[in-house]
Amino acid sequence: MRDYKSMEIPQAKAQDSKVFCILPWIHLNVMPDSSVIPCCVSPYDDVYGNGEKQNLSEIWNSEKFKTLRLNMLNGIESTGCARCYSLEASGFKSMRQEMNNHFQNAAALIDKTNKDGSLDDINLKYIDIRFSNLCNFKCRGCGPALSSSWQNDHQQLYQTPSSEMKVKSIAVNSPEFWRELFSLIPEAEVIYFGGGEPLITKEHYEVLSLLNTLGKHDIELRYTTNLSQLHYGHYDLSEIWNKFKKVTLGISIDDLGKRAEYFRHGTKWAVIEKNLQTLVEKYPQIIRSVNCTVNIMNVYYFPEIYEYTVLSGLIDPVEFNVNLLLDPDELRVDIMDAEMKRKISTRLKKFKFKLQCMDRKFHYVLKDIDSILNFMNSSDKSHLLPLFKEKTRQLDQLRGEDFSSTYPELSGIIK
C-alpha cells in the first residue's frame, strides 16, 4: 500500500521532522470563492482545487494534495509551506508545529496513505471554512478575497475594475460542495471560524444550530473575530457557547485607539473596548485570546498593546498570540531601514527587561520579542520601502487618512 522512503514519520518522529505536517491528512481550508488550499498559512493563489468545479473527493485526492503528502513523508520541502519554515527559522512556533502537537492522535491516518499519496477516506478532524468574505472592516493587511469592504478601494488602488461579486459565499456559489462539507462538520474535533467576519455571517450560525441540534457539544470551537459586535438576529451567543466544552475567541487587536481605527479601518475603538468588557463580565466561560499581527505600523507600539491587553488583566498572558505579517510584502517589519530598526530594537529590549523584572507570569512573550527582533534584523528588505510609501499614500488619499499624524513616531519612514 505504501511506497515512500521512510516509515518513521508517524508517532514521535513527526515531531522531529522539519517538513512534516499532519494537516493534509485531516484538514482543508476552504476560501469564500470555493477555492481550496492546504491551510490558512498557505499562499492564497496556491490553489489545490475549487468546489465550483470539483467535488470534495476530487479535491482531497488531487495531484497537488497527493504530491504534498508524499513530499512530507519523504522529507522534501514544499514551496507552499515556506511561511512555516520562515517563522520557525526566526524562532516562532509555526502552524505546522502547533497542528502536529495538537493532533498527535491522528498519526494512525498516515499509515493509510496509498503509494500515490491518495487517501481512501476523508477525515476532516480540523475544519476551517471561510464561509464568506462578508466583513465590515477593510484592514490594511487584508484585501477583497477576505473582506467585501475592501473591493472598491482595491479596484481604485490597482485600477482594476471588476465584475466579480463583492460578497462571495460558498453556500451561494457552490451549493453542492457546501452540502458535502456541511455533512462532515459533525465529525470534526475542532472547527475554526474565520472570515470575513464570522460573527456577522449567517452560515456560522447555521453550523452552530446543526451542532446544537445533534448535541455535538464536545467539538472545540475556535474563532478569529474583530469583535465589532456580539449579536446576530435572534441568536444568543452566550446561550449557545455555554453548551460547548471549549470555545476560544481570538480577538484581532493589532493596535489601540486611533491607530487601530487607521490600520483596521472600520474599527470604532470605543465599541471594541465595550465588547471586551462585556466578554469579561458576561462570558467568563469563553477563553479570551488576542491575535496581534506584528507589522511595520505596530511593531514600535507593541509594548503598549501588550500592556493594555495582558498587564491590565483583560486576557491571560498565555493567550497573547503573536503573528508576523508576511504578506503583503510592503508591510513586513524587515523592510525598515537600519536606523528605524535600531530604534525599535532598543524599545523592545527595554520592554523585555521590564517584563523580566516583573512577575514570571508575564514572561510568555519574551521569546516572541526575541523572535520579532530576529526576524526584523536578519534580512534587509528596505528596497520595499518606496512601495510601502506609495501604497500608504494612495490609501490615505482614498480613505481621507494620514499616516504621519496617526503614527508621529514613525513619520520618518514616509518622509
# chains A, B, ... in the order shown; residues from 1 in each chain; ligands from 1
$ residues_around --residues "region 173-181 of chain A" --least-positions-apart "3" --cutoff "6 Å" --atoms "only C-alpha atoms" --output "list in words"
Gly51, Glu52, Ser169, Ile170 and Leu184 of chain A
$ closest_atom_pairs --of "region 116-159 of chain A" --to "region 279-300 of chain A" --cutoff "12 Å" --atoms "only C-alpha atoms" --output "tab-separated table"
residue	atom	partner	partner_atom	distance
A:Cys139	CA	A:Thr293	CA	11.5
A:Arg140	CA	A:Met297	CA	9.8
A:Gly141	CA	A:Asn295	CA	8.7
A:Cys142	CA	A:Thr293	CA	11.5
$ write_last_selection --atoms "N, CA, C and O atoms" --output "CSV table (one decimal), in the first residue's frame"
chain,number,residue,atom,x,y,z
A,139,CYS,N,-9.0,46.1,6.7
A,139,CYS,CA,-7.7,46.3,7.3
A,139,CYS,C,-6.6,46.4,6.3
A,139,CYS,O,-6.7,45.8,5.2
A,140,ARG,N,-5.6,47.2,6.6
A,140,ARG,CA,-4.5,47.5,5.7
A,140,ARG,C,-3.8,46.2,5.3
A,140,ARG,O,-3.2,46.1,4.2
A,141,GLY,N,-3.8,45.2,6.1
A,141,GLY,CA,-3.1,44.0,5.8
A,141,GLY,C,-3.9,42.9,5.1
A,141,GLY,O,-3.5,41.8,4.9
A,142,CYS,N,-5.2,43.3,4.7
A,142,CYS,CA,-6.1,42.4,4.1
A,142,CYS,C,-6.4,42.8,2.7
A,142,CYS,O,-5.6,43.5,2.0
$ residues_around --residues "region 241-251 of chain A" --least-positions-apart "6" --cutoff "10 Å" --atoms "only C-alpha atoms" --output "count of residues only"
38
$ residues_around --residues "Leu134 (chain A)" --least-positions-apart "6" --cutoff "6 Å" --atoms "only C-alpha atoms" --output "ChimeraX atom specification"
/A:147-148,167,196
$ atom_distance --atom1 "CA of Gln277 (chain A)" --atom2 "CA of Asp236 (chain A)"
17.5 Å
